[in-house]
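J.: So that we are looking at the same thing, I have put the structure below in structure tokens.
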Amino acid sequence: MSLTGNTMNYSSDNDPAIQEFNTSKLLKNARKQAEDRNYKDFFICDVDSHHYETEALPEILQYMDDPVMRHLGLSAGNVGRAGLIPQAIGSQDMAGRVTRYAGRNKEIVPEEPHRDITLARRWMDAMGTDMACLFPTPMLLLATHPQVEVEVAMARAYNRWLSERILEEDNRLVSMVYLPMNEPHEAEKMIDEFAEKKGVVGFLSTGYLKRPVHDSANMRIYAKLEEHGMPLGFHAAYHWADTSLAQLNKFISVHALGFSFCNIIHMTNWVMNGMPERFPKLKTMWIESGLAWVPFLMQRLDNEYMMRTSDAPLLKKKPSDYMREMFYSTQPMELVDNREALEVTFKMINAESQLLYSSDYPHWDMDLPSTIYDLPFLDEKAKRSILGGNAQKLFNLDPVMSEWKLEANGKG
Amino acid sequence: MPERLLCTVSDLSDKTAKICEVDGVEIGVIRHKGDIVAYKNVCPHQGGPVCEGLKMPQVCVELDDQQRTLRQTFNEDELHFVCPWHGWEFKIATGEAVGDPKYKMKRYNVVERGGEVYVEV
Ligand code: FES
């Protein structure tokens, strides 16, 4: 039998679009935007960006306590890896159309610093980003792993690796580290181990969870975060096997709905069960669901709450009043033909103080800082707050400016 | 309109756009169905290097006589530039975005003379 290859030139390994690959070159137009818009004059922080931690899995596994799981992860082929981190179905790179997925492996980096630091610095410097909050990629689905002990062991090994190999090494990278919410007593230990580590600016709950966020077993997690003054991020993810999403047949559909739906569920539980009243000092940030879901949910919940206050007795004000005090990351911002709705959305969420710029780079639906900087209804002060000032406050950051900005300002 | 030299005809292929620079602006030039077309290498979406992405045919769906899906196919008669940043697709023939023709790549008039390719700027 003869095999049909990709007879066309399209997205084959020889395609000139990916024959050689370099992040700075791919993003040269972003760098031009950064220079044209004078980003050198102010601090930009990206609160949601990613690396591909599975590429460093053999290193990460050196930090794993359980030798049997370490052996599983290091076993031949991909079998071991598949056993530790759930594999998502779905063509994020659109069959090669988004070239940085296929190109990444070909990118040449120096031996030092760590490859992930070099790659991050390349896109940060191109976009004009000074500091970035770095998150994993495949591990965003780790909370759906059927073995909770694997989730906990992987999370701990990853957090240790990230802390020692990346955050310790680079002052421009920070992270909200992985919180295994499915095993509350382990989540508490994780907070104790990492809250004071360099570059740790919060903790992260990822995707769909096995137990709702208001479950009584979680209360000590929230109390501990409050004690440490650490914000809690809810990073959305899609989970195609989720009963309602399982009816969707296309990746575009499950991606468009799944990310927002994930945070709609968590937020509804969070607010209607009065979590902001129970933990008034705990700050939450809702990550990677876009923005359109927030006005939608505010309207739905307020309308029903006024008719059924007895269903939510812990609330002392309307759901939207709580939601307006929380923090949101920008990406993927609904930009197409949407100026008016976006302006209303910004007003409804008090964007000037509650919204934090995020790129989600290198994922396919990333947003550049210009998605905020070019909005006609924001003044310069609001733009700078959203692009960096709000993150500086929420994470209590000591801003570290990028070298090229310091040089451009004669301080390099 | 002033003309600027981009490249020679022999530099061009129909596989991938050649990227040339004129006054600090990158322009992608490619042979397409016997013509030479030139576009600014800046995507109308967020500014990505749109001419440097993959060149892909239109994706179609075949339905049967009862409107049931039979299969998906590639239509090689309609080729697209795919912007490498987020995947917006643009018809190489017109520069229009496949999702909404109101979004267009900036197109330059091309003049071919004496084996050389010029654009009007
Ligand atoms: S910049 Fe071209 S698709 Fe987004």
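Each chain in the structure tokens gets a letter, A, B, ..., in the order shown, and its residues are numbered from 1; ligands are numbered from 1 in order too.
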Please, which residues in chain A fall within 6 Å of chain B when counting only C-alpha atoms, and what is the closest atom pair and distance in Å to one decimal for each, ordered by chain then residue number, as JSON lines?

T.:
{"residue": "A:Ala17", "atom": "CA", "partner": "B:Gly53", "partner_atom": "CA", "distance": 5.6}
{"residue": "A:Arg97", "atom": "CA", "partner": "B:Gly87", "partner_atom": "CA", "distance": 6.0}
{"residue": "A:Val98", "atom": "CA", "partner": "B:Pro84", "partner_atom": "CA", "distance": 4.8}
{"residue": "A:Thr99", "atom": "CA", "partner": "B:Pro84", "partner_atom": "CA", "distance": 5.5}
{"residue": "A:Trp364", "atom": "CA", "partner": "B:His86", "partner_atom": "CA", "distance": 5.4}
{"residue": "A:Asp365", "atom": "CA", "partner": "B:His86", "partner_atom": "CA", "distance": 5.8}

J.: Can I get the selected residues back with all heavy atoms, as an mmCIF file, in the first residue's frame?

T.:
data_model
loop_
_atom_site.group_PDB
_atom_site.id
_atom_site.type_symbol
_atom_site.label_atom_id
_atom_site.label_comp_id
_atom_site.auth_asym_id
_atom_site.auth_seq_id
_atom_site.Cartn_x
_atom_site.Cartn_y
_atom_site.Cartn_z
ATOM 1 N N ALA A 17 8.002 28.515 5.851
ATOM 2 C CA ALA A 17 7.502 29.244 7.015
ATOM 3 C C ALA A 17 8.035 28.664 8.321
ATOM 4 O O ALA A 17 8.041 29.341 9.347
ATOM 5 C CB ALA A 17 5.975 29.234 7.025
ATOM 6 N N ARG A 97 -1.042 25.756 10.751
ATOM 7 C CA ARG A 97 -1.188 27.134 10.247
ATOM 8 C C ARG A 97 -0.546 28.139 11.197
ATOM 9 O O ARG A 97 -0.049 29.172 10.755
ATOM 10 C CB ARG A 97 -2.668 27.473 10.052
ATOM 11 C CG ARG A 97 -3.332 26.758 8.869
ATOM 12 C CD ARG A 97 -4.838 27.015 8.893
ATOM 13 N NE ARG A 97 -5.548 26.429 7.764
ATOM 14 C CZ ARG A 97 -5.945 25.169 7.702
ATOM 15 N NH1 ARG A 97 -5.653 24.327 8.692
ATOM 16 N NH2 ARG A 97 -6.605 24.730 6.658
ATOM 17 N N VAL A 98 -0.627 27.886 12.498
ATOM 18 C CA VAL A 98 0.049 28.783 13.447
ATOM 19 C C VAL A 98 1.455 28.214 13.638
ATOM 20 O O VAL A 98 1.672 27.254 14.375
ATOM 21 C CB VAL A 98 -0.731 28.880 14.774
ATOM 22 C CG1 VAL A 98 -0.018 29.796 15.751
ATOM 23 C CG2 VAL A 98 -2.136 29.406 14.502
ATOM 24 N N THR A 99 2.400 28.794 12.927
ATOM 25 C CA THR A 99 3.687 28.142 12.680
ATOM 26 C C THR A 99 4.574 27.992 13.904
ATOM 27 O O THR A 99 5.509 27.194 13.896
ATOM 28 C CB THR A 99 4.473 28.926 11.613
ATOM 29 O OG1 THR A 99 4.554 30.298 12.042
ATOM 30 C CG2 THR A 99 3.782 28.867 10.267
ATOM 31 N N TRP A 364 -2.101 29.996 20.414
ATOM 32 C CA TRP A 364 -2.531 30.468 19.090
ATOM 33 C C TRP A 364 -3.390 31.716 19.142
ATOM 34 O O TRP A 364 -3.425 32.476 18.183
ATOM 35 C CB TRP A 364 -3.274 29.343 18.348
ATOM 36 C CG TRP A 364 -4.553 28.926 19.017
ATOM 37 C CD1 TRP A 364 -4.692 28.051 20.052
ATOM 38 C CD2 TRP A 364 -5.867 29.390 18.717
ATOM 39 N NE1 TRP A 364 -6.007 27.948 20.417
ATOM 40 C CE2 TRP A 364 -6.762 28.750 19.599
ATOM 41 C CE3 TRP A 364 -6.397 30.285 17.780
ATOM 42 C CZ2 TRP A 364 -8.134 28.975 19.599
ATOM 43 C CZ3 TRP A 364 -7.766 30.507 17.762
ATOM 44 C CH2 TRP A 364 -8.619 29.858 18.665
ATOM 45 N N ASP A 365 -4.097 31.948 20.260
ATOM 46 C CA ASP A 365 -5.008 33.098 20.317
ATOM 47 C C ASP A 365 -4.436 34.221 21.175
ATOM 48 O O ASP A 365 -5.165 34.952 21.835
ATOM 49 C CB ASP A 365 -6.385 32.660 20.833
ATOM 50 C CG ASP A 365 -6.298 31.846 22.130
ATOM 51 O OD1 ASP A 365 -5.180 31.439 22.514
ATOM 52 O OD2 ASP A 365 -7.344 31.627 22.763
#

J.: Return as an MDAnalysis selection string the full set of residues in stretch 11-45 of chain B whose backbone-based DSSP assignment is strand (DSSP E).

T.: chainID B and resid 18:22 25:32 35:40

J.: Those same residues, written as a PDB file, in the first residue's frame with N, CA and C atoms?

T.:
ATOM      1  N   LYS B  18       8.059  36.296  -1.573  1.00  0.00           N
ATOM      2  CA  LYS B  18       9.374  36.881  -1.304  1.00  0.00           C
ATOM      3  C   LYS B  18       9.132  38.174  -0.530  1.00  0.00           C
ATOM      4  N   ILE B  19       9.893  38.352   0.553  1.00  0.00           N
ATOM      5  CA  ILE B  19       9.695  39.548   1.378  1.00  0.00           C
ATOM      6  C   ILE B  19      10.758  40.582   1.000  1.00  0.00           C
ATOM      7  N   CYS B  20      10.311  41.750   0.549  1.00  0.00           N
ATOM      8  CA  CYS B  20      11.232  42.831   0.163  1.00  0.00           C
ATOM      9  C   CYS B  20      10.956  44.030   1.068  1.00  0.00           C
ATOM     10  N   GLU B  21      11.949  44.909   1.175  1.00  0.00           N
ATOM     11  CA  GLU B  21      11.733  46.071   2.037  1.00  0.00           C
ATOM     12  C   GLU B  21      11.818  47.358   1.222  1.00  0.00           C
ATOM     13  N   VAL B  22      10.836  48.216   1.371  1.00  0.00           N
ATOM     14  CA  VAL B  22      10.825  49.513   0.684  1.00  0.00           C
ATOM     15  C   VAL B  22      10.579  50.582   1.739  1.00  0.00           C
ATOM     16  N   VAL B  25       9.319  49.482   4.995  1.00  0.00           N
ATOM     17  CA  VAL B  25       8.070  48.704   5.016  1.00  0.00           C
ATOM     18  C   VAL B  25       8.296  47.388   4.281  1.00  0.00           C
ATOM     19  N   GLU B  26       7.909  46.283   4.920  1.00  0.00           N
ATOM     20  CA  GLU B  26       8.070  44.977   4.263  1.00  0.00           C
ATOM     21  C   GLU B  26       6.886  44.698   3.349  1.00  0.00           C
ATOM     22  N   ILE B  27       7.229  44.217   2.145  1.00  0.00           N
ATOM     23  CA  ILE B  27       6.195  43.885   1.162  1.00  0.00           C
ATOM     24  C   ILE B  27       6.429  42.444   0.704  1.00  0.00           C
ATOM     25  N   GLY B  28       5.363  41.657   0.703  1.00  0.00           N
ATOM     26  CA  GLY B  28       5.457  40.266   0.241  1.00  0.00           C
ATOM     27  C   GLY B  28       5.000  40.186  -1.214  1.00  0.00           C
ATOM     28  N   VAL B  29       5.796  39.541  -2.063  1.00  0.00           N
ATOM     29  CA  VAL B  29       5.448  39.418  -3.492  1.00  0.00           C
ATOM     30  C   VAL B  29       5.397  37.945  -3.848  1.00  0.00           C
ATOM     31  N   ILE B  30       4.404  37.577  -4.621  1.00  0.00           N
ATOM     32  CA  ILE B  30       4.253  36.163  -4.979  1.00  0.00           C
ATOM     33  C   ILE B  30       3.603  36.062  -6.354  1.00  0.00           C
ATOM     34  N   ARG B  31       3.937  35.007  -7.063  1.00  0.00           N
ATOM     35  CA  ARG B  31       3.226  34.716  -8.320  1.00  0.00           C
ATOM     36  C   ARG B  31       1.916  34.036  -7.957  1.00  0.00           C
ATOM     37  N   HIS B  32       0.859  34.474  -8.604  1.00  0.00           N
ATOM     38  CA  HIS B  32      -0.424  33.843  -8.321  1.00  0.00           C
ATOM     39  C   HIS B  32      -1.233  33.761  -9.603  1.00  0.00           C
ATOM     40  N   ASP B  35      -0.302  35.978 -12.443  1.00  0.00           N
ATOM     41  CA  ASP B  35      -0.076  37.381 -12.070  1.00  0.00           C
ATOM     42  C   ASP B  35       1.036  37.474 -11.027  1.00  0.00           C
ATOM     43  N   ILE B  36       1.493  38.712 -10.830  1.00  0.00           N
ATOM     44  CA  ILE B  36       2.363  38.943  -9.671  1.00  0.00           C
ATOM     45  C   ILE B  36       1.580  39.842  -8.728  1.00  0.00           C
ATOM     46  N   VAL B  37       1.440  39.425  -7.471  1.00  0.00           N
ATOM     47  CA  VAL B  37       0.693  40.254  -6.522  1.00  0.00           C
ATOM     48  C   VAL B  37       1.616  40.641  -5.362  1.00  0.00           C
ATOM     49  N   ALA B  38       1.362  41.827  -4.806  1.00  0.00           N
ATOM     50  CA  ALA B  38       2.215  42.333  -3.722  1.00  0.00           C
ATOM     51  C   ALA B  38       1.344  42.912  -2.610  1.00  0.00           C
ATOM     52  N   TYR B  39       1.666  42.534  -1.381  1.00  0.00           N
ATOM     53  CA  TYR B  39       0.914  43.018  -0.218  1.00  0.00           C
ATOM     54  C   TYR B  39       1.872  43.457   0.878  1.00  0.00           C
ATOM     55  N   LYS B  40       1.398  44.414   1.679  1.00  0.00           N
ATOM     56  CA  LYS B  40       2.173  44.810   2.852  1.00  0.00           C
ATOM     57  C   LYS B  40       2.226  43.624   3.825  1.00  0.00           C
TER      58      LYS B  40
END

J.: So how many Å separate atom CA of B:Glu112 and atom CA of B:Arg4, to one decimal?

T.: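 Between atom CA of B:Glu112 and atom CA of B:Arg4 the gap works out to 11.3 Å.
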
J.: Please report the interatomic distance between atom CA of A:His214 and atom CA of A:Trp270 in Å with one decimal.

T.: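 One can read the atom CA of A:His214 to atom CA of A:Trp270 distance as 6.1 Å.
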
J.: I want to know what sits within 10 Å of B:Arg113, based on only C-alpha atoms, with residues of the same chain fewer than 4 positions away left out; could you give that as a list in words?

T.: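 Contacts, with the query itself left out: Thr8, Val9, Val117 and Tyr118 of chain B.
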
J.: For the selection just defined, write its residues with C-alpha atoms to a file, as a compact mmCIF listing (two decimals), in the first residue's frame.

T.:
# COMPACT_ATOMS: atom_id res chain seq x y z
CA THR B 8 13.72 40.59 -10.27
CA VAL B 9 11.11 38.35 -11.84
CA VAL B 117 9.26 43.91 -10.48
CA TYR B 118 8.24 47.39 -9.28

J.: If I take atom CA of A:Ser385 and atom CA of A:Leu356, how far is one from the other in Å, to one decimal?

T.: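 Straight-line distance from atom CA of A:Ser385 to atom CA of A:Leu356 works out to 7.9 Å.
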
J.: Considering only C-alpha atoms, return as number ranges by chain whatever protein or nucleic-acid residues lie within 12 Å of A:Glu380, sequence-local ones (same chain, fewer than 4 positions apart) excluded.

T.: A: 37-39, 41-42, 352, 372-376, 384-387, 389

J.: Would you mind telling me which residue in B:Leu63, B:Leu79, B:Cys7, B:Met105 lies nearest to ligand 1 when using only C-alpha atoms and all ligand atoms?

T.: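 Of B:Leu63, B:Leu79, B:Cys7, B:Met105, the one nearest ligand 1 is B:Met105, counting only C-alpha atoms and all ligand atoms.
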
J.: Pick out the closest residue to A:Val47 from this set: A:Arg308, A:Lys347, A:Arg172, A:Lys411. Count only C-alpha atoms.

T.: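 Closest to A:Val47, using only C-alpha atoms: A:Arg172.
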
J.: Quick one: of A:Ser175, A:Asn182, A:Ser320, A:Gln19, who's nearest to A:Asp215, counting only C-alpha atoms?

T.: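 Once distances to A:Asp215 are computed over only C-alpha atoms, the minimum belongs to A:Asn182.
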
J.: Considering only C-alpha atoms, return as an mmCIF file with N, CA and C atoms, in the first residue's frame whatever protein or nucleic-acid residues lie within 12 Å of stretch 255-262 of chain A, sequence-local ones (same chain, fewer than 2 positions apart) excluded.

T.:
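Written output follows (out07.cif):
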data_model
loop_
_atom_site.group_PDB
_atom_site.id
_atom_site.type_symbol
_atom_site.label_atom_id
_atom_site.label_comp_id
_atom_site.auth_asym_id
_atom_site.auth_seq_id
_atom_site.Cartn_x
_atom_site.Cartn_y
_atom_site.Cartn_z
ATOM 1 N N ALA A 88 -4.602 16.352 25.596
ATOM 2 C CA ALA A 88 -5.852 16.943 25.103
ATOM 3 C C ALA A 88 -6.015 16.685 23.621
ATOM 4 N N ILE A 89 -7.226 16.345 23.232
ATOM 5 C CA ILE A 89 -7.531 16.264 21.802
ATOM 6 C C ILE A 89 -7.856 17.673 21.334
ATOM 7 N N GLY A 90 -7.385 18.029 20.164
ATOM 8 C CA GLY A 90 -7.686 19.367 19.658
ATOM 9 C C GLY A 90 -6.466 19.954 18.978
ATOM 10 N N SER A 91 -6.674 20.547 17.810
ATOM 11 C CA SER A 91 -5.560 21.059 17.017
ATOM 12 C C SER A 91 -5.348 22.539 17.319
ATOM 13 N N GLN A 92 -4.602 22.807 18.394
ATOM 14 C CA GLN A 92 -4.357 24.202 18.778
ATOM 15 C C GLN A 92 -3.676 24.956 17.641
ATOM 16 N N LEU A 140 -2.308 22.360 32.366
ATOM 17 C CA LEU A 140 -3.577 23.055 32.636
ATOM 18 C C LEU A 140 -4.727 22.058 32.727
ATOM 19 N N LEU A 141 -4.511 20.871 32.167
ATOM 20 C CA LEU A 141 -5.554 19.842 32.231
ATOM 21 C C LEU A 141 -5.264 18.800 33.313
ATOM 22 N N SER A 205 -5.550 27.715 40.406
ATOM 23 C CA SER A 205 -6.458 26.590 40.204
ATOM 24 C C SER A 205 -6.678 26.486 38.701
ATOM 25 N N THR A 206 -6.572 25.271 38.169
ATOM 26 C CA THR A 206 -6.651 25.157 36.706
ATOM 27 C C THR A 206 -7.850 24.337 36.251
ATOM 28 N N GLY A 207 -8.572 24.886 35.317
ATOM 29 C CA GLY A 207 -9.585 24.163 34.561
ATOM 30 C C GLY A 207 -10.733 23.605 35.388
ATOM 31 N N TYR A 208 -11.266 22.508 34.905
ATOM 32 C CA TYR A 208 -12.410 21.861 35.539
ATOM 33 C C TYR A 208 -11.931 21.027 36.722
ATOM 34 N N LEU A 209 -12.629 21.153 37.850
ATOM 35 C CA LEU A 209 -12.200 20.473 39.078
ATOM 36 C C LEU A 209 -13.152 19.323 39.409
ATOM 37 N N PRO A 212 -16.643 21.101 43.541
ATOM 38 C CA PRO A 212 -16.891 22.531 43.295
ATOM 39 C C PRO A 212 -16.067 23.426 44.216
ATOM 40 N N VAL A 213 -15.823 24.651 43.772
ATOM 41 C CA VAL A 213 -14.901 25.527 44.512
ATOM 42 C C VAL A 213 -15.404 25.876 45.910
ATOM 43 N N PHE A 234 -7.920 31.660 38.861
ATOM 44 C CA PHE A 234 -8.671 30.562 38.239
ATOM 45 C C PHE A 234 -8.343 30.595 36.752
ATOM 46 N N HIS A 235 -7.427 29.709 36.348
ATOM 47 C CA HIS A 235 -7.061 29.662 34.934
ATOM 48 C C HIS A 235 -7.986 28.684 34.238
ATOM 49 N N ALA A 236 -8.788 29.215 33.304
ATOM 50 C CA ALA A 236 -9.755 28.361 32.613
ATOM 51 C C ALA A 236 -9.055 27.393 31.665
ATOM 52 N N ALA A 237 -9.751 26.330 31.344
ATOM 53 C CA ALA A 237 -9.292 25.384 30.316
ATOM 54 C C ALA A 237 -10.541 24.741 29.733
ATOM 55 N N TYR A 238 -10.402 24.164 28.556
ATOM 56 C CA TYR A 238 -11.564 23.428 28.050
ATOM 57 C C TYR A 238 -11.405 21.972 28.436
ATOM 58 N N HIS A 239 -12.537 21.291 28.576
ATOM 59 C CA HIS A 239 -12.489 19.872 28.874
ATOM 60 C C HIS A 239 -13.581 19.231 28.020
ATOM 61 N N TRP A 240 -13.132 18.700 26.893
ATOM 62 C CA TRP A 240 -14.095 18.249 25.878
ATOM 63 C C TRP A 240 -15.029 17.159 26.417
ATOM 64 N N ALA A 241 -14.557 16.433 27.409
ATOM 65 C CA ALA A 241 -15.386 15.345 27.931
ATOM 66 C C ALA A 241 -16.475 15.853 28.880
ATOM 67 N N ASP A 242 -16.425 17.125 29.248
ATOM 68 C CA ASP A 242 -17.467 17.668 30.108
ATOM 69 C C ASP A 242 -18.822 17.445 29.432
ATOM 70 N N THR A 243 -19.825 17.035 30.228
ATOM 71 C CA THR A 243 -21.064 16.541 29.617
ATOM 72 C C THR A 243 -21.664 17.511 28.594
ATOM 73 N N SER A 244 -21.752 18.791 28.945
ATOM 74 C CA SER A 244 -22.419 19.692 27.995
ATOM 75 C C SER A 244 -21.522 19.994 26.801
ATOM 76 N N LEU A 245 -20.210 20.116 27.041
ATOM 77 C CA LEU A 245 -19.304 20.408 25.920
ATOM 78 C C LEU A 245 -19.166 19.203 24.984
ATOM 79 N N ALA A 246 -19.425 18.022 25.513
ATOM 80 C CA ALA A 246 -19.246 16.808 24.710
ATOM 81 C C ALA A 246 -20.164 16.796 23.496
ATOM 82 N N GLN A 247 -21.196 17.631 23.505
ATOM 83 C CA GLN A 247 -22.080 17.679 22.343
ATOM 84 C C GLN A 247 -21.465 18.469 21.187
ATOM 85 N N LEU A 248 -20.424 19.225 21.461
ATOM 86 C CA LEU A 248 -19.833 20.065 20.417
ATOM 87 C C LEU A 248 -18.872 19.235 19.566
ATOM 88 N N ASN A 249 -18.931 19.411 18.238
ATOM 89 C CA ASN A 249 -18.114 18.547 17.381
ATOM 90 C C ASN A 249 -16.845 19.207 16.880
ATOM 91 N N LYS A 250 -16.717 20.530 17.090
ATOM 92 C CA LYS A 250 -15.550 21.200 16.518
ATOM 93 C C LYS A 250 -14.681 21.823 17.599
ATOM 94 N N PHE A 251 -13.375 21.847 17.326
ATOM 95 C CA PHE A 251 -12.448 22.441 18.291
ATOM 96 C C PHE A 251 -12.794 23.906 18.521
ATOM 97 N N ILE A 252 -13.126 24.633 17.447
ATOM 98 C CA ILE A 252 -13.455 26.056 17.594
ATOM 99 C C ILE A 252 -14.627 26.216 18.570
ATOM 100 N N SER A 253 -15.590 25.314 18.519
ATOM 101 C CA SER A 253 -16.772 25.439 19.368
ATOM 102 C C SER A 253 -16.415 25.160 20.820
ATOM 103 N N ILE A 264 -17.316 30.534 34.257
ATOM 104 C CA ILE A 264 -18.708 30.868 34.609
ATOM 105 C C ILE A 264 -19.180 29.941 35.738
ATOM 106 N N ILE A 265 -18.835 28.662 35.617
ATOM 107 C CA ILE A 265 -19.239 27.692 36.649
ATOM 108 C C ILE A 265 -18.561 28.026 37.981
ATOM 109 N N HIS A 266 -17.233 28.202 37.939
ATOM 110 C CA HIS A 266 -16.515 28.484 39.193
ATOM 111 C C HIS A 266 -16.981 29.803 39.813
ATOM 112 N N MET A 267 -17.156 30.822 38.987
ATOM 113 C CA MET A 267 -17.549 32.141 39.494
ATOM 114 C C MET A 267 -18.952 32.073 40.118
ATOM 115 N N THR A 268 -19.853 31.371 39.453
ATOM 116 C CA THR A 268 -21.223 31.288 39.977
ATOM 117 C C THR A 268 -21.211 30.621 41.353
ATOM 118 N N ASN A 269 -20.478 29.535 41.478
ATOM 119 C CA ASN A 269 -20.371 28.884 42.793
ATOM 120 C C ASN A 269 -19.696 29.808 43.801
ATOM 121 N N TRP A 286 -9.502 36.018 37.477
ATOM 122 C CA TRP A 286 -10.168 35.084 36.554
ATOM 123 C C TRP A 286 -9.472 35.194 35.213
ATOM 124 N N ILE A 287 -8.864 34.062 34.817
ATOM 125 C CA ILE A 287 -7.864 34.100 33.754
ATOM 126 C C ILE A 287 -8.303 33.332 32.506
ATOM 127 N N GLU A 288 -8.063 33.936 31.383
ATOM 128 C CA GLU A 288 -8.238 33.324 30.050
ATOM 129 C C GLU A 288 -9.638 32.842 29.731
ATOM 130 N N SER A 289 -10.592 33.706 29.973
ATOM 131 C CA SER A 289 -11.939 33.390 29.517
ATOM 132 C C SER A 289 -12.470 34.490 28.623
ATOM 133 N N GLY A 290 -11.602 35.422 28.215
ATOM 134 C CA GLY A 290 -12.068 36.609 27.508
ATOM 135 C C GLY A 290 -12.785 37.514 28.499
ATOM 136 N N LEU A 291 -13.557 38.464 27.989
ATOM 137 C CA LEU A 291 -14.251 39.399 28.876
ATOM 138 C C LEU A 291 -15.764 39.367 28.730
ATOM 139 N N ALA A 292 -16.267 38.908 27.587
ATOM 140 C CA ALA A 292 -17.704 39.024 27.316
ATOM 141 C C ALA A 292 -18.559 38.259 28.327
ATOM 142 N N TRP A 293 -17.971 37.212 28.918
ATOM 143 C CA TRP A 293 -18.741 36.413 29.867
ATOM 144 C C TRP A 293 -19.044 37.194 31.147
ATOM 145 N N VAL A 294 -18.234 38.187 31.472
ATOM 146 C CA VAL A 294 -18.401 38.847 32.772
ATOM 147 C C VAL A 294 -19.692 39.680 32.800
ATOM 148 N N PHE A 296 -22.246 39.288 30.918
ATOM 149 C CA PHE A 296 -23.326 38.296 30.789
ATOM 150 C C PHE A 296 -23.689 37.724 32.160
ATOM 151 N N LEU A 297 -22.665 37.285 32.890
ATOM 152 C CA LEU A 297 -22.927 36.628 34.167
ATOM 153 C C LEU A 297 -23.432 37.639 35.214
ATOM 154 N N GLN A 331 -7.034 38.492 28.021
ATOM 155 C CA GLN A 331 -7.018 37.663 26.806
ATOM 156 C C GLN A 331 -7.950 36.454 26.943
ATOM 157 N N PRO A 332 -8.531 35.958 25.890
ATOM 158 C CA PRO A 332 -8.583 36.482 24.526
ATOM 159 C C PRO A 332 -9.719 37.503 24.398
ATOM 160 N N MET A 333 -9.349 38.740 24.225
ATOM 161 C CA MET A 333 -10.325 39.817 24.235
ATOM 162 C C MET A 333 -11.154 39.766 22.960
ATOM 163 N N GLU A 334 -12.459 39.932 23.114
ATOM 164 C CA GLU A 334 -13.361 39.828 21.954
ATOM 165 C C GLU A 334 -13.275 41.131 21.168
ATOM 166 N N TRP A 364 -2.101 29.996 20.414
ATOM 167 C CA TRP A 364 -2.531 30.468 19.090
ATOM 168 C C TRP A 364 -3.390 31.716 19.142
ATOM 169 N N ASP A 365 -4.097 31.948 20.260
ATOM 170 C CA ASP A 365 -5.008 33.098 20.317
ATOM 171 C C ASP A 365 -4.436 34.221 21.175
#
